[in-house]
Structures are given as structure tokens and as C-alpha cells.
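Worksheet: one structure, shown below.
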Amino acid sequence: MTETKTQTENTVKPFGAKPAALLWTVVAGSVVTVASTFLAWTWTTAFPGNLTIYGNPAPLQLLTLIGAVLTALFALSALGVKGLAWLTPTGGRKPVRLLALGTYATTFFTAISIIVELGALVDLEPGAAVAILASAVASFASFKLPDDTRKASPAKQLPSWVEILIIVAVFAVGLYVVTFGIDTDDNEPQLFIAYLILVGFSAVALIKSGLTQRLSAITARNRQVAVTASLVAAIAFPFIEQSGDTYTLIAVNILIFATVALGLNIVVGLAGLLDLGYVAFLGVGAYTAALVSGATSSAFGVQFPFWASALTGMAASLVFGVVIGAPTLRLRGDYLAIVTLGFGEIFRIAMGNLDGTSGPQITNGPNGIPNIPQLEFFGYNFGEPHTVLGVELGAYANYYLLMILIMALVVLVFSRASNSRIGRAWVAIREDETAATAMGINGFRVKLIAFALGASLAGLAGTVQAHVNTTVVPENYQFAGPVPPNSAFLLAAVILGGMGTISGPIVGSALLFLIPAKLQFMQEYQLLGFGIALILLMRFRPEGLIANKRAQLEFHENDDDQQVVPEQRQSEDAGVGTAKAGA
């Protein structure tokens, strides 16, 4: 009994003497790494970012500094330092290891970039060497730590004002992180790659530490505050981002991409229908808006106000969705995917042939419809800069704010639809259509509603895209290509982010649009990279980056058993053995 009690006490204590020494080594290495970021890492300004200044870390050095600070904080939390225990509710080893490795990878990548860019190892200053060695020591020590994974104990409910402050702080940090990534110079791919490395490792570390679960519980208790904070953070972006319209245009395109992905999420994520030609509905909305918005080459010669052109684009996409869905939705699986793929290609080819030669003169053929006028809503011209709250907003900032409103509308529609009776019918059809039909659900009607609703949302996004780009051409709406959005990218965004969720496709769309926009030198290898990413995702996180509870339970139903520490299992086994012996 005494031996069993001693073993149990040892499992409650997360670290012994040796692990504590390793954690202090991690802290020391992180502190030295932080100090090294205030030193010069190279002697010449020929390397992008100017890493020659003492006492003022450049953006690349700032990433290493942030990674080292996070590593030290989580290591101190694992040591049981008072006031930091909340950082590691499910254990400190995994997040510390991930953060230390991410800091080292970011630092090492920066050093290699300097050597490759400048051509020699001697181009590194001692500050870079100190940073590499210190982060390597911290990373090596973190890999020697024993596993301390445990189930998170129920968190004490904080006062409501504290939880509100936490939500505001989290969204403020999130806004800073997103703005930092979008603001990276396109001519400095090293900075964006280092940013991706650190953000990726840090995100996984936060998940492994259990902090994201705690935050999810807080936002669930304060849902209205969380929604308001997310909306305020999104609206604040153009007021904070003043580097130029180029980066704001990226944000606008991300929102358009995300809006279409949410519409596809209804079809794929909720109803379980594999649609490979979904981008055609975006094209229908864009072409409709171009034809009725007063473009000089429009065949109709009419100019609707924006609200009328948006409704017309949505109606046209809805009609196309019903016309295509009615004869094809009785198919299932691969057969439905092939038919939708054919529809997408037929739309693109048809738009290219309506040029007055191969067909009637409607879309100007492969040349598309250029010179689409800027939107004007109640006298507010979206193509002109405006001063709001003392801040001058450019043309793309105006479209960004418009897309925020449209995104909020789409999120509301998706949320209401998924939680309604028809939404539960979609889920039932997705899980087992035969069983759902036997229970009285009209599968064909339910799937047709999903197809029509998803198409109309894509058409709404297309009406704004036409005015943002001021031209519409058929080649923008193909199955796969180097420039998103296309059907392959849209489907990848839904799968990568997490099917059936709201935030999942938004995150997936942001990643799949931002990465190609910043890493243009890898344009020829984009599809290869996304293919590899999806393979890794299916292997390690098949439910997507942000999954709903049902998907998590389906794919990780045995994780609770795996979360038990090996020493704790031995203690439990010893206890069982002792009980049997006593019996």
C-alpha cells in the first residue's frame, strides 16, 4: 500500500529534479535567444529586412523573440511558477517542445536564408550564431522532458468582466497576428515563411496545452461578446492596415473566397454532396452583375443599383443551381462529382463562346466584360477614397467593409440553416441517406435546397467580385489553376478548415489564398504543395484544422485513453494488482 501511494504521488507531481533542470535549461536558452535578437545577425543591408541594427530587432528577429518568450513562459508554467499554471492545463511537455522547436526552426531558417541570399557563411554576425545555439539548446532540452500529459481539471468560472477582457485580448492578438502576415512584403518571402513556421508551431502548441479548450468554453459562455469582438476586430483591420491598397486587396479577396467556401460548406460539409464545379456559381453571379451594372461592353445596356444587381446575381445562381441540381442530385458519390465537374467546365467554355461568332454576343467571349463601373450605394462611391473617423480609407478598404457585412449575412444564414430542421435533415442525409429516407426525409428535396442555397451565396459573392476586379473573364472560373478561387481550391479550403463548421472554411480560405499570394516564386508548385498538405492533414488531423464535436468524436474516440501518462497507467495497474492481492 505504501509503495502504491508513493507511485501515485509521483504521478501527481509533474516533474522531478532532472525534468526541472531540463525546464530551467529551456528557460535559460530562451532568455539567451531573446537577448540575441537585439544583436546584429548580418553585416550588410543587402539582406531584406536590415538585420544589422543593434538594440532594435528587425521583423525576422522579432519572430524569434516572440517564439523564445512564449517558450520561456510555458516552461515556467510547467515548473509550477505561481500565476502561470493556467498556460498548461493538460501538461507542459508537448507545448514547450513545440514552441522550442518552432523557435529554433524560425531562427535556423533565417540564418540559412542569410547564407543563401548573401552567398557565404561569414555573412552571419555573432548574434545569429548565439541565437541558433541558444534556441538549439532549448529545443534539445525540451525533447528530453518526460511526458506529463493529463486531463485538464475543470476550470473555475471567472467573473464575467474578466472573461470579457480575455476575449477582447485574444481577438486583439489575433488581429495583430493576421495583420503582420498580410503586411509582409511580397519581395521578402523569407519573412512570410518564417512567420508561417512560428505561427504553425505556436497554434499546435496552444492546442496541445489545452488553452484552446479553455478559450472555447469562455466564448461559449459569452457568445454575444465573442461575436461582437470578432466583428469589431474585422472592421478595425482597414483602419490599422495603412501600408497600401495592395494588402487590403488581399484581405478583400480572402473574404470573397471565404464567402464562397461557406456556401460550398453547405453542400459538402452539411449535405455531404461532392461538388467539383462549384466555382461556376461564382461565375454566374459575376457575369450577371457585369451585364446589369452598366459595363460599356454589356450586351444589355442597363445599369441596376447594387442591391438590385446583387439580388439578380443571387437569383441567376439559384436558378442555375436548381436547373443543374434537379436532374443530377439523384446521383450519388463519384457519379455526382463527375456531373458537377462537367457543369463547371461547360460554364467556362460557354462563356468563352458567347462572343458573336461561336454563339450570340453576350459575354464578349474570351476577352470577357471589362470596364465594370465601381459600386455606388446611396451616393457612397466605393471606388474613391473616403475619410472615416479621421482615417483615409482607399477603394479596396471600402469593398473590404462591404464584404464584412456580406460575410456576416452569410454566416448568419449558415448558422440558422445548420441549426434548423432542414439542417438536421442535411446531416442525416450526409451520414446515411438510406436510413434518412426510411425515416421520412425527402432526400431529393433536401439536397436540392442545399444545392440552391449554396449556389445563391456564391452568386452574391460573385456580384462583389465583378466590381472589385472591374472585369470578368471565363478563365477565372475553372476547376484548377494557379489563381484562386477555383473549384479545387474551394474544396480544399472546406476540407482543410473543417467541414460543417463556420470558422473552418474561413481559416482554410485565408491560408489557401494568402500563401500563394505571398509565395509567388512557388507558383508552379502550388498544387503539389496543397496535395502534400491535404495528405498530411488526412493522416494527422482528418477532421480539419477547426472541427465540430461530432467529427472530433468520430476520429478521436480513443484519445482519452491515450492521454493517460504511462507512469499513471503503471500506478493504476499496481493499484489493481494490490487490490487483487489483498482480495
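Here's how to read the names in the C-alpha cells: chain A, B, ... by the order shown, residue numbers from 1 in each chain, ligand numbers from 1 in the order shown.
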
(request) Give the helix (DSSP H, G or I) residues of stretch 351-566 of chain A, as assigned by DSSP on the backbone, as a PyMOL selection string. (result) chain A and resi 351-353+365-367+395-418+421-431+433-438+443-469+474-476+487-497+503-518+520-540+549-555+559-562+566

(request) Identify, on the basis of only C-alpha atoms, every residue whose closest approach to A:Val411 does not exceed 12 Å; exclude the query and any residue fewer than 4 positions from it along the same chain; express the result as an NGL selection string. (result) :A and (227 or 231 or 255 or 258-263 or 265-266 or 403-407 or 415-418 or 457 or 501-506)

For stretch 194-208 of chain A: contacts at 6 Å, only C-alpha atoms, fewer than 2 positions along chain excluded, given as a CSV table (one decimal) with N, CA, C and O atoms, in the first residue's frame:
```csv
chain,number,residue,atom,x,y,z
A,95,PRO,N,3.5,21.4,-25.4
A,95,PRO,CA,3.6,22.8,-25.9
A,95,PRO,C,5.0,23.3,-25.8
A,95,PRO,O,5.4,24.1,-26.6
A,98,LEU,N,7.0,21.9,-28.7
A,98,LEU,CA,6.6,22.5,-30.0
A,98,LEU,C,7.1,24.0,-30.1
A,98,LEU,O,7.6,24.4,-31.2
A,99,LEU,N,7.0,24.7,-29.0
A,99,LEU,CA,7.4,26.1,-29.1
A,99,LEU,C,8.9,26.3,-29.2
A,99,LEU,O,9.4,27.1,-30.0
A,102,GLY,N,9.7,25.3,-32.7
A,102,GLY,CA,9.3,26.3,-33.7
A,102,GLY,C,10.2,27.5,-33.6
A,102,GLY,O,10.6,28.1,-34.7
A,106,THR,N,12.5,28.6,-36.8
A,106,THR,CA,12.4,30.0,-37.4
A,106,THR,C,13.8,30.6,-37.4
A,106,THR,O,14.2,31.3,-38.4
A,191,LEU,N,10.5,36.4,-44.8
A,191,LEU,CA,9.8,36.8,-43.6
A,191,LEU,C,8.4,36.1,-43.5
A,191,LEU,O,8.1,35.6,-42.4
A,192,PHE,N,7.8,35.9,-44.6
A,192,PHE,CA,6.5,35.2,-44.6
A,192,PHE,C,6.6,33.7,-44.3
A,192,PHE,O,5.8,33.2,-43.5
A,210,GLY,N,-4.0,22.8,-24.1
A,210,GLY,CA,-5.4,22.8,-23.6
A,210,GLY,C,-6.0,24.2,-23.5
A,210,GLY,O,-7.1,24.4,-23.0
A,211,LEU,N,-5.2,25.2,-23.9
A,211,LEU,CA,-5.7,26.6,-23.8
A,211,LEU,C,-6.8,26.9,-24.7
A,211,LEU,O,-7.8,27.6,-24.4
A,212,THR,N,-6.8,26.3,-25.9
A,212,THR,CA,-7.9,26.5,-26.8
A,212,THR,C,-9.2,25.9,-26.3
A,212,THR,O,-10.3,26.5,-26.6
```

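All residues of protein, DNA or RNA that reach within 8 Å of stretch 511-526 of chain A, judged by only C-alpha atoms and not counting those fewer than 3 positions away in the chain, are A:Ile182, A:Thr184, A:Asp185, A:Asp186, A:Pro189, A:Phe192, A:Ile250, A:Asn253, A:Ile254, A:Phe257, A:Pro482, A:Pro484, A:Pro485, A:Phe489, A:Ala493, A:Val507, A:Gly508, A:Gly529, A:Phe530.
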
Could you write those residues out with C-alpha atoms, as a CSV table (one decimal), in the first residue's frame?
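result06.csv was written with the following content:
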```csv
chain,number,residue,atom,x,y,z
A,182,ILE,CA,-0.7,40.3,-44.6
A,184,THR,CA,4.8,41.2,-45.1
A,185,ASP,CA,6.4,42.5,-48.2
A,186,ASP,CA,5.9,40.3,-51.3
A,189,PRO,CA,9.4,35.8,-48.9
A,192,PHE,CA,6.5,35.2,-44.6
A,250,ILE,CA,-5.6,40.5,-50.4
A,253,ASN,CA,-10.2,38.5,-52.0
A,254,ILE,CA,-9.8,36.3,-48.9
A,257,PHE,CA,-13.0,33.3,-51.2
A,482,PRO,CA,-2.7,28.9,-60.2
A,484,PRO,CA,-7.8,31.0,-56.5
A,485,PRO,CA,-10.7,30.8,-56.2
A,489,PHE,CA,-9.1,25.5,-54.0
A,493,ALA,CA,-10.4,25.2,-48.2
A,507,VAL,CA,-9.4,29.8,-41.9
A,508,GLY,CA,-8.9,27.4,-44.8
A,529,GLY,CA,2.2,21.7,-52.1
A,530,PHE,CA,-1.6,21.6,-51.4
```

(request) Name the residues in contact with A:Gly383 at a cut-off of 7 Å, using only C-alpha atoms, excluding same-chain residues fewer than 5 positions from it; report them as an MDAnalysis selection string. (result) chainID A and resid 374:375 395

(message) Give me, as a VMD selection string, all polymer residues having an atom no more than 8 Å from A:Ser298, counting only C-alpha atoms and skipping those fewer than 4 positions away in the same chain.
(response) chain A and resid 290 to 292 294 362 to 363 369

(message) I want to know what sits within 10 Å of A:Ala289, based on only C-alpha atoms, with residues of the same chain fewer than 4 positions away left out; could you give that as a ChimeraX atom specification?
(response) /A:283-285,293-295,303-304,306,308-314,316,372,459-460,462-467,472

Write to file, as a compact mmCIF listing (two decimals), in the first residue's frame, the residues of the selection just made, with N, CA and C atoms.
```txt
# COMPACT_ATOMS: atom_id res chain seq x y z
N GLY A 283 -19.08 32.37 -60.92
CA GLY A 283 -19.02 33.00 -62.23
C GLY A 283 -20.37 33.49 -62.71
N VAL A 284 -21.43 32.74 -62.42
CA VAL A 284 -22.77 33.17 -62.81
C VAL A 284 -23.11 34.50 -62.15
N GLY A 285 -22.82 34.62 -60.85
CA GLY A 285 -23.09 35.87 -60.16
C GLY A 285 -22.25 37.02 -60.69
N SER A 293 -24.76 46.02 -64.62
CA SER A 293 -24.21 47.12 -63.83
C SER A 293 -23.71 48.28 -64.68
N GLY A 294 -24.02 48.28 -65.95
CA GLY A 294 -23.65 49.40 -66.79
C GLY A 294 -22.27 49.32 -67.39
N ALA A 295 -21.69 48.13 -67.53
CA ALA A 295 -20.40 47.98 -68.19
C ALA A 295 -20.51 48.40 -69.65
N GLN A 303 -28.23 49.51 -66.21
CA GLN A 303 -27.43 49.73 -65.02
C GLN A 303 -28.32 49.69 -63.79
N PHE A 304 -28.28 48.56 -63.09
CA PHE A 304 -29.06 48.39 -61.88
C PHE A 304 -28.29 48.98 -60.70
N PHE A 306 -26.82 48.67 -56.86
CA PHE A 306 -26.10 47.50 -56.36
C PHE A 306 -27.03 46.46 -55.75
N ALA A 308 -30.02 45.77 -56.45
CA ALA A 308 -30.75 45.04 -57.48
C ALA A 308 -29.84 44.08 -58.24
N SER A 309 -28.60 44.52 -58.53
CA SER A 309 -27.67 43.62 -59.23
C SER A 309 -27.27 42.45 -58.34
N ALA A 310 -27.15 42.69 -57.02
CA ALA A 310 -26.81 41.59 -56.10
C ALA A 310 -27.94 40.57 -56.05
N LEU A 311 -29.18 41.05 -55.96
CA LEU A 311 -30.31 40.12 -55.95
C LEU A 311 -30.43 39.39 -57.29
N THR A 312 -30.14 40.09 -58.39
CA THR A 312 -30.20 39.45 -59.70
C THR A 312 -29.14 38.37 -59.82
N GLY A 313 -27.92 38.67 -59.32
CA GLY A 313 -26.86 37.66 -59.36
C GLY A 313 -27.20 36.45 -58.51
N MET A 314 -27.76 36.68 -57.32
CA MET A 314 -28.16 35.57 -56.46
C MET A 314 -29.26 34.74 -57.12
N ALA A 316 -29.95 34.48 -60.36
CA ALA A 316 -29.42 33.74 -61.51
C ALA A 316 -28.66 32.49 -61.05
N ILE A 372 -16.08 47.40 -65.78
CA ILE A 372 -17.25 47.36 -64.90
C ILE A 372 -17.16 48.53 -63.93
N GLY A 459 -23.25 33.19 -55.74
CA GLY A 459 -23.62 34.25 -56.67
C GLY A 459 -23.53 35.62 -56.03
N LEU A 460 -23.90 35.73 -54.75
CA LEU A 460 -23.79 37.01 -54.04
C LEU A 460 -22.34 37.47 -53.97
N GLY A 462 -20.04 36.62 -56.05
CA GLY A 462 -19.62 36.93 -57.41
C GLY A 462 -19.98 38.33 -57.84
N THR A 463 -21.12 38.85 -57.36
CA THR A 463 -21.51 40.21 -57.74
C THR A 463 -20.51 41.24 -57.21
N VAL A 464 -19.96 41.02 -56.03
CA VAL A 464 -18.96 41.94 -55.49
C VAL A 464 -17.63 41.73 -56.19
N GLN A 465 -17.28 40.48 -56.47
CA GLN A 465 -16.00 40.21 -57.14
C GLN A 465 -15.92 40.91 -58.49
N ALA A 466 -17.02 40.96 -59.22
CA ALA A 466 -17.02 41.61 -60.53
C ALA A 466 -16.64 43.08 -60.41
N HIS A 467 -17.13 43.77 -59.39
CA HIS A 467 -16.83 45.19 -59.21
C HIS A 467 -15.42 45.39 -58.65
N VAL A 472 -14.50 40.68 -65.94
CA VAL A 472 -14.86 39.28 -65.75
C VAL A 472 -14.44 38.52 -67.00
```

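Our summary of the geometry notes that atom CA of A:Pro542 is positioned 14.5 Å from atom CA of A:Leu491.
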
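Remark: for A:Leu133, the closest of the candidate residues A:Thr33, A:Thr64, A:Thr88, A:Thr71 is A:Thr33 (distances computed over only C-alpha atoms).
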
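For the set A:Val26, A:Val31, A:Ala450, A:Leu249, the residue with the smallest atom-to-atom gap to A:Val268 is A:Ala450, counting only C-alpha atoms.
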
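Across A:Ala131, A:Ala35, A:Ala40, A:Ala236, the tightest approach to A:Leu393 is made by A:Ala236 when counting only C-alpha atoms.
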
(request) Please indicate the distance in Å from atom CA of A:Phe171 to atom CA of A:Leu401, rounded to one decimal place. (result) 17.9 Å

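For the pair atom CA of A:Lys82 and atom CA of A:Ser30, the separation is 19.4 Å.
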